[in-house]
Structures are given as structure tokens and as C-alpha cells.
Amino acid sequence: MNLADNLQAFIPSKSVLYIAKKEVMDNIRSRWVIVMSFIFALLTFVVSYFGSFGEGWQSLGLTIAGMMSLVQFLIPIIALILSYGAIVGEIERGSMSAFLSLPVKRVEIILGKFIGLSSVLGISVLVGFGVAGIIIGINVGEINIGEYIVFLLTSILLGMVFVCLGLFASSFFKRRSTAMGMSIFLWFFFTMIWSIITSGIAIMVSDDFTSVISEGFPDWYYAVEMINPLSAFNSLVSLNVESVSSMGQEFLGSYPDFYTTPLLTVILLVWLTVFLVLSVLIFKNRDL
Amino acid sequence: MIEKKVKCPSCGFETMIQGEPGESKILVCPNCDKKGMFQFPGPKRTLENEKGLSMLSVTSLTKTFNGKKAVNNASFSVKKGEIFGFLGPNGAGKTTTIKAVLGLLFADEGRILIEDKNLMTDEKHVKEHIGYLPEKVAFYENLTALQNLEFYAEMKQADKAQCRILLKEFGLGDAVNQKVGTFSKGMNQRLGMARAILGDPSFLILDEPSSGLDPRGVVFIREKIKELNDQGVTIFISSHILSEIQAICHRVGIINKGSIVAVDDIENLQNRLQLQPKLVLTLDNVKKEFVTAVEGIDEVSSVKQNNKVLEVFCKKKAKAQVILTLAKKKATILDIQTMDPSLEEVFMRFTEAGD
């Protein structure tokens, strides 16, 4: 296969769209979409109403700020749950054999699954957060639609990164249970371990602990921290949603100059692409 | 133009209809006015002059798992228009071979050609003409039978209208909108067969097609396989039910411990093993001259006498001559039984090394 063929394989064919459509239908029929949308909407209401400590609905900007940590935990885990069984689950169940006997390439299966599962997550985020956003907006009367859309789209992008990580685990492991274990580890690694390791190293290499407290972390720490998709998401929203950035500055100080919207977006897209390509390469050479 | 007799599923009224091969027609029963759809069998998928050409050619296929050769230098071919039975004990390499043929796993060595095209280099085009029923039939359980079949129809670029027709044909007409997760094993198997023949493939690979079916289902699938073969579909079938294979296959291949140990038609294999039909004749009185006369027939290999019973081992075509010879000698034949050697005997002999 030459480069042109490889590139052509990444252009969505009809088969890719049919697979994506099937994934969406399957998840709608299994009520996953409804459950996820409900969870997202409920959390938004809870944060907006109860986050104000009895003062009624908060503005959408403050609601987003209040939801940031919840979204960082919830979206990755939901994306991983959606995707970790996408390949290995079908192999274990037996449906992959029939699937691969069809005139379809393995790369198309991965792409179809990626598009389909990302759509499922996207629909849930848009419906759940969207409905909640509209209701809150009606109640508070003060709406910054642009900021809310940035928050929704960035959340979907974060979800897509974790869908790719789940697909990677699903293509790599021979058993569904191992793929699930790997997904849980990945979630744990990015939400907890990454920050513990980087801040630990920063403190270890500094002359004394008090200098870190007084002068802040060195630039390399922020550079490494920025690579974590969750930090990239967090920073991306902070840079573009005023309520979040003002709250962040209040607690954490401002971001270094190299934290820019294009760079943070590219970081998320690189994660997405690398793990999507790895999933394709592993699945392409895998025996069933 | 072809003519077919159709039966109304509601009232049982039978009528003749005409149409073109592959044409779908909406019919109204003249007796009960019930509407339904009928699809005429597709055009012959193997032309007379193509018969005998290779549909599948497997050469020196080798596949190793954890240092153990699951398939070792296997070579065989399946001719266009035939039903080829693929037999072997459990773990002999049948499923590995089938998976390699379909590109589900990658062979260490060897070449697989389907209609002279290499699956590895021409994957999509080759698979457009293949229908496959895996040993473990599975579907998307949250989707209905119709939604599942429509998805496969889209992937095969087949006419979606064929889905409903196939579901009815395979006795799943009432379960069209039922979630596949609620299906019994037999229903799943029928749906699997429907999926395999969706898009009118010219080459069908069936791995244990009768698995999980009740006797009626077994007969139905057997008849369906014959019908498809009559339409020119080449069929590669792997089954443990040897009587099924013997009843429908033109040739068989036997694999044992990863190696192909025999490929031929069943009668030739029986001859190779010198397994001959046995004619058991009960006479009112066995005279020595009867035994001598029968022994004198060219294609009779041996004759055993046990009181009034003569056991004659001979080739199939000599059976009539044995009876005629005895009749000429004025022997009174009270009972005749012919016992053909079964495929089971052939299978057991060729796979003895596996025990």
C-alpha cells in the first residue's frame, strides 16, 4: 500500500458512515444517550442551583466554572466506558468475524467506530448541557452563548480524545476485562498520577520547597502539565471563558504566555490523532 | 423469464407467477387479498462453462500460534459451482483455515486466491462476492433483526428490500422488529444464514450451518444450501454432522492436525480406503454354486456366507449384477439390504492419526 492509498483510507467512505450510523443507533437503542444526557443536565442544574449556596440560579459563566472539575472527571470516564469494548467486545462476542467478512477495511471500522462513538458523546453533551443551559439562561436572563458553546465544543473534543484512548485499549488487548482495566488506569493516570508526578519532580529538583511556594513552579513544569489532555482542556476553557479564568486567577495565578488557544487545541488534536492512528495500526495487524 | 409456484403464507392458496431472475414483486393473494413480497431466485452465479474452474485456491497455507502449527502447509482448491465439505476433528485447523481464507487472521506462509484474486491486495473487491456464516453467530443485540440486516445490506451495498424478504424466507417474518438480544439460538442461526446470503454472493462459506437448529431447521437449511447451489453458488461448508456433508457435498477435504490428509469426492475416498458397499442377501437356501458365481463377478471383492445370509462386498455398480447372477442361478432371494460405507468411516480412517 502506498502513501496515497493510506491517505485515501482516512477519507470517510460510505462504509465508515454506515458504521458510525450503526454505533449511534445501537447506543440510542440501548438508552445510553438518554442516560448520559440526563446525567449531564442534572449535574448542570445541581451546580447552577446549589452552587450558589441558596441564592438561586447562577449565571451560565459561573455554572461553567463550577462544573469544570466535574466535567474533567466525568467526560473522560464516560468516553472510555463507551469505547473500551468497541473492538475487543465485538471480537469476544463473535460479531467481528462477520463484520470483517464484509467488503470493509479494518481502518474503516476504526474510523466508523470513532465517528459514531464521538457522535454519541457529542449528542449527549449537546442535549444534556444544552437543555440545561437554555433553562438556566431563561431563569437568569444573562447569557453568554459564545462562551457556553466554547465550553460545549471543548468538552466534546476532550471526550473525543478519550474515545481514541479507549479504542486504543480495545484494539490492543485480547480481552474485554483487560481493556477495561487499561481504560481505568488511563483515566486514573491523566486525572491524578500525571499531576502528582510532575509536581513531585518540580519540588524535588528545586533548591528548596519554599521557593516553589513563593516563586511558583518553573516553566518546564507548566509545559509538561499542558501536555496532559485534561490540563489542556482546563486551560483552553479558562483562556476562553471569562468567569473560569477570573476564578482560576483568583486561586492559581495566571497561565504562562505560551499557553495559547491554538497550541492547546493542537495538543488535544495530537492526542486524538496519535491514538487513533495507533488503534488503526494495531487492529490492522491483529489476528482474530 | 422464469415461473415459480408460490404459496400464500396466510391462507395457503397456491398460484404460479412469472418474473425475471432476481426480480422482486409485490403480490396480492387472489384468495384472501393479503399483500406480500416475493423475490425470484437471482441469475445463475456460476455459468456452465465456468464449472470446474477454481473459486478458492489455498496453497501451502501455514499458521503458527505460540510455536504450534495450527495449519501446516495446507493446499486445496474449491471448484466453481460445487459444494465442498471441510472436515476435521476438533482443533484440527478448520476454523483457522476459514479465518485465513476470509483474511480474519494473517497466514505465516502460503497463498490464498479467490476467483484468482488475492484477498490481501484486493480485499474489498474479493469480499463483495463472499457470504459468511461464522461458527459463533452474533449480532448487535440492541438492534432489531431488520435493523441488523439493513446495516449489513448497506455494508454489502445490497438492496435493502431484500432484508424483509430474507427474514420471511428464513421464518423470522414475525420477529422483524424484535431485538436480536431476545432471539433463541436457532433464530440467531437462521438470521446468520440470511445475513450470509444477503447481496447474492457467488461464494458462501458456512461454518457449522446446522448448529443450534431443530430437525425442521436442519432440513430447511440443507434444502436452502442445495437451492443456492442449483443457482450456481459455490459453497464451502464445515460441519460436524457428517451425514449432512455426505448428503449434499460434491467433494470433501479432510484436515487433521493442521495438515490436509484428503481431498476428493466421497466415493473416490471410499475406494482409496477400499471401503466397499456391502450387499446383504437372505436366501431360502445357499448353495455353493451361488457363492462361486458371485465370486466370479469382476467387481466383487469378497463374499461371506453365514447360514442363509450372503454378505457380498462389491463396487456400487456391481450390486445389480450380483442380484441378476443369483436370479439366473434360480436362487430364491428373501431379503436384500445394501449398506454403503458412510463418510463417518472415511473420516475415522483418515483422522486415525489424530487419536
# chains A, B, ... in the order shown; residues from 1 in each chain; ligands from 1
$ closest_atom_pairs --of "region 139-186 of chain A" --to "region 259-276 of chain A" --cutoff "8 Å" --atoms "only C-alpha atoms" --output "tab-separated table"
residue	atom	partner	partner_atom	distance
A:Leu157	CA	A:Leu268	CA	7.4
A:Leu158	CA	A:Leu268	CA	7.1
A:Met160	CA	A:Leu272	CA	6.9
A:Val161	CA	A:Leu272	CA	4.6
A:Phe162	CA	A:Leu272	CA	7.8
A:Cys164	CA	A:Leu276	CA	5.4
A:Leu165	CA	A:Phe275	CA	5.9
A:Leu167	CA	A:Leu276	CA	7.4
A:Phe168	CA	A:Phe275	CA	6.1
$ residues_around --residues "region 189-202 of chain A" --least-positions-apart "3" --cutoff "8 Å" --atoms "only C-alpha atoms" --output "list in words"
Gln72, Phe73, Phe185, Leu186, Val205, Ser206, Phe217, Pro218, Tyr221, Val224, Glu225, Asn228, Pro229 and Leu230 of chain A
$ write_last_selection --atoms "C-alpha atoms" --output "tab-separated table (two decimals), in the first residue's frame"
chain	number	residue	atom	x	y	z
A	72	GLN	CA	-12.85	16.74	33.78
A	73	PHE	CA	-13.73	13.58	35.73
A	185	PHE	CA	-5.69	3.08	34.57
A	186	LEU	CA	-5.58	5.68	31.77
A	205	VAL	CA	14.59	19.42	41.53
A	206	SER	CA	14.01	22.83	43.13
A	217	PHE	CA	6.56	26.33	39.52
A	218	PRO	CA	9.19	26.67	36.76
A	221	TYR	CA	6.51	22.22	34.78
A	224	VAL	CA	4.73	19.24	30.84
A	225	GLU	CA	1.44	19.87	32.64
A	228	ASN	CA	-1.93	16.31	29.78
A	229	PRO	CA	-5.22	16.39	27.79
A	230	LEU	CA	-7.17	17.25	30.94
$ interface_residues --of "chain A" --to "chain B" --cutoff "7 Å" --atoms "only C-alpha atoms" --output "PyMOL selection string"
chain A and resi 15+18+22+26+29-30+93-95+97-98+100-104+287-288
$ residues_around --residues "region 65-71 of chain A" --least-positions-apart "3" --cutoff "12 Å" --atoms "only C-alpha atoms" --output "VMD selection string"
chain A and resid 39 to 52 58 to 62 74 to 79 125 129 147 to 148 151 to 152 154 to 156 158 to 159 191 230 to 231 233 to 248
$ write_last_selection --atoms "C-alpha atoms" --output "short mmCIF file (atom, residue, chain, number, x, y, z; two decimals), in the first residue's frame"
data_model
loop_
_atom_site.label_atom_id
_atom_site.label_comp_id
_atom_site.auth_asym_id
_atom_site.auth_seq_id
_atom_site.Cartn_x
_atom_site.Cartn_y
_atom_site.Cartn_z
CA ILE A 39 -26.66 12.90 33.90
CA PHE A 40 -25.13 15.94 32.16
CA ALA A 41 -28.33 18.00 32.51
CA LEU A 42 -28.83 17.00 36.14
CA LEU A 43 -25.24 17.92 37.07
CA THR A 44 -25.58 21.30 35.38
CA PHE A 45 -28.77 22.05 37.32
CA VAL A 46 -27.22 20.90 40.60
CA VAL A 47 -24.08 23.01 40.13
CA SER A 48 -26.03 26.06 38.98
CA TYR A 49 -28.72 25.95 41.66
CA PHE A 50 -26.95 24.55 44.71
CA GLY A 51 -23.53 26.05 43.87
CA SER A 52 -24.83 29.48 44.78
CA GLN A 58 -26.03 31.12 38.99
CA SER A 59 -25.13 32.68 35.65
CA LEU A 60 -24.02 30.33 32.88
CA GLY A 61 -20.41 31.55 33.21
CA LEU A 62 -20.30 30.73 36.92
CA LEU A 74 -16.97 12.67 34.04
CA ILE A 75 -16.36 13.17 30.30
CA PRO A 76 -13.18 11.03 30.15
CA ILE A 77 -14.69 8.16 32.12
CA ILE A 78 -17.88 8.16 30.02
CA ALA A 79 -15.85 8.28 26.78
CA VAL A 125 -23.20 16.65 25.74
CA PHE A 129 -25.69 20.59 28.74
CA GLU A 147 -18.68 31.12 25.99
CA TYR A 148 -21.15 28.32 26.58
CA PHE A 151 -17.31 25.08 26.75
CA LEU A 152 -19.54 22.52 24.99
CA THR A 154 -14.11 21.81 24.16
CA SER A 155 -15.86 19.19 26.31
CA ILE A 156 -16.71 17.22 23.16
CA LEU A 158 -11.89 16.17 25.32
CA GLY A 159 -14.38 13.32 25.01
CA THR A 191 -6.73 12.72 36.28
CA LEU A 230 -7.17 17.25 30.94
CA SER A 231 -4.91 20.22 31.70
CA PHE A 233 -8.90 21.16 28.26
CA ASN A 234 -8.94 23.03 31.55
CA SER A 235 -6.58 25.74 30.25
CA LEU A 236 -8.43 26.01 26.95
CA VAL A 237 -11.73 26.70 28.70
CA SER A 238 -10.05 29.07 31.18
CA LEU A 239 -8.47 31.09 28.39
CA ASN A 240 -11.77 31.45 26.56
CA VAL A 241 -14.42 31.64 29.28
CA GLU A 242 -14.05 34.76 31.40
CA SER A 243 -15.75 33.51 34.56
CA VAL A 244 -13.50 30.45 34.63
CA SER A 245 -10.29 32.44 34.01
CA SER A 246 -11.13 35.03 36.65
CA MET A 247 -11.86 32.27 39.16
CA GLY A 248 -8.64 30.45 38.13
#
$ select_by_dssp --residues "region 30-238 of chain B" --states "alpha helix (DSSP H)" --output "VMD selection string"
chain B and resid 94 to 101 123 to 127 145 to 156 161 to 169 185 to 197 215 to 230
$ residues_around --residues "Lys315 (chain B)" --least-positions-apart "3" --cutoff "10 Å" --atoms "only C-alpha atoms" --output "PDB file with C-alpha atoms, in the first residue's frame"
ATOM      1  CA  GLU B 267     -16.761 -42.345  -3.486  1.00  0.00           C
ATOM      2  CA  ASN B 271     -12.304 -46.563  -2.990  1.00  0.00           C
ATOM      3  CA  GLN B 274     -11.121 -49.927  -0.119  1.00  0.00           C
ATOM      4  CA  LEU B 275     -14.349 -49.293   1.700  1.00  0.00           C
ATOM      5  CA  GLN B 276     -16.902 -51.009  -0.472  1.00  0.00           C
ATOM      6  CA  PRO B 277     -20.668 -51.203  -0.261  1.00  0.00           C
ATOM      7  CA  LYS B 278     -21.976 -54.371   1.325  1.00  0.00           C
ATOM      8  CA  LEU B 279     -24.905 -56.251  -0.159  1.00  0.00           C
ATOM      9  CA  ASP B 298     -15.235 -58.848 -11.652  1.00  0.00           C
ATOM     10  CA  GLU B 299     -16.116 -56.072  -9.235  1.00  0.00           C
ATOM     11  CA  VAL B 300     -16.909 -58.292  -6.286  1.00  0.00           C
ATOM     12  CA  SER B 301     -14.042 -58.277  -3.821  1.00  0.00           C
ATOM     13  CA  VAL B 312     -21.171 -59.506  -0.764  1.00  0.00           C
ATOM     14  CA  ALA B 318     -21.881 -54.344  -9.389  1.00  0.00           C
ATOM     15  CA  LYS B 319     -24.803 -54.632  -6.993  1.00  0.00           C
ATOM     16  CA  ASP B 340     -22.965 -48.206   1.763  1.00  0.00           C
TER      17      ASP B 340
END
$ atom_distance --atom1 "CA of Leu121 (chain A)" --atom2 "CA of Ile143 (chain A)"
24.3 Å
$ closest_residue --among "B:Pro341, B:Gly212, B:Gly258, B:Gly253" --to "Lys185 (chain B)" --atoms "only C-alpha atoms"
B:Gly212
$ residues_around --residues "Ser83 (chain A)" --least-positions-apart "5" --cutoff "7 Å" --atoms "only C-alpha atoms" --output "list in words"
Leu117, Val163, Gly166 and Leu167 of chain A
$ write_last_selection --atoms "C-alpha atoms" --output "compact mmCIF listing (two decimals), in the first residue's frame"
# COMPACT_ATOMS: atom_id res chain seq x y z
CA LEU A 117 -18.93 6.97 19.41
CA VAL A 163 -12.74 7.84 22.87
CA GLY A 166 -10.50 3.70 24.69
CA LEU A 167 -10.30 2.49 21.09
$ atom_distance --atom1 "CA of Val35 (chain A)" --atom2 "CA of Ser124 (chain A)"
8.5 Å
$ closest_residue --among "A:Ile115, A:Ile64, A:Arg286, A:Ser170" --to "Glu90 (chain A)" --atoms "only C-alpha atoms"
A:Ser170
$ select_by_dssp --residues "region 171-275 of chain B" --states "strand (DSSP E or B)" --output "list of chain:residue names"
B:Lys179, B:Phe203, B:Leu204, B:Ile205, B:Leu206, B:Asp207, B:Thr234, B:Ile235, B:Phe236, B:Ile237, B:Ser238, B:Arg251, B:Val252, B:Gly253, B:Ile254, B:Ile255, B:Asn256, B:Ser259, B:Ile260, B:Val261, B:Ala262, B:Val263, B:Asp264
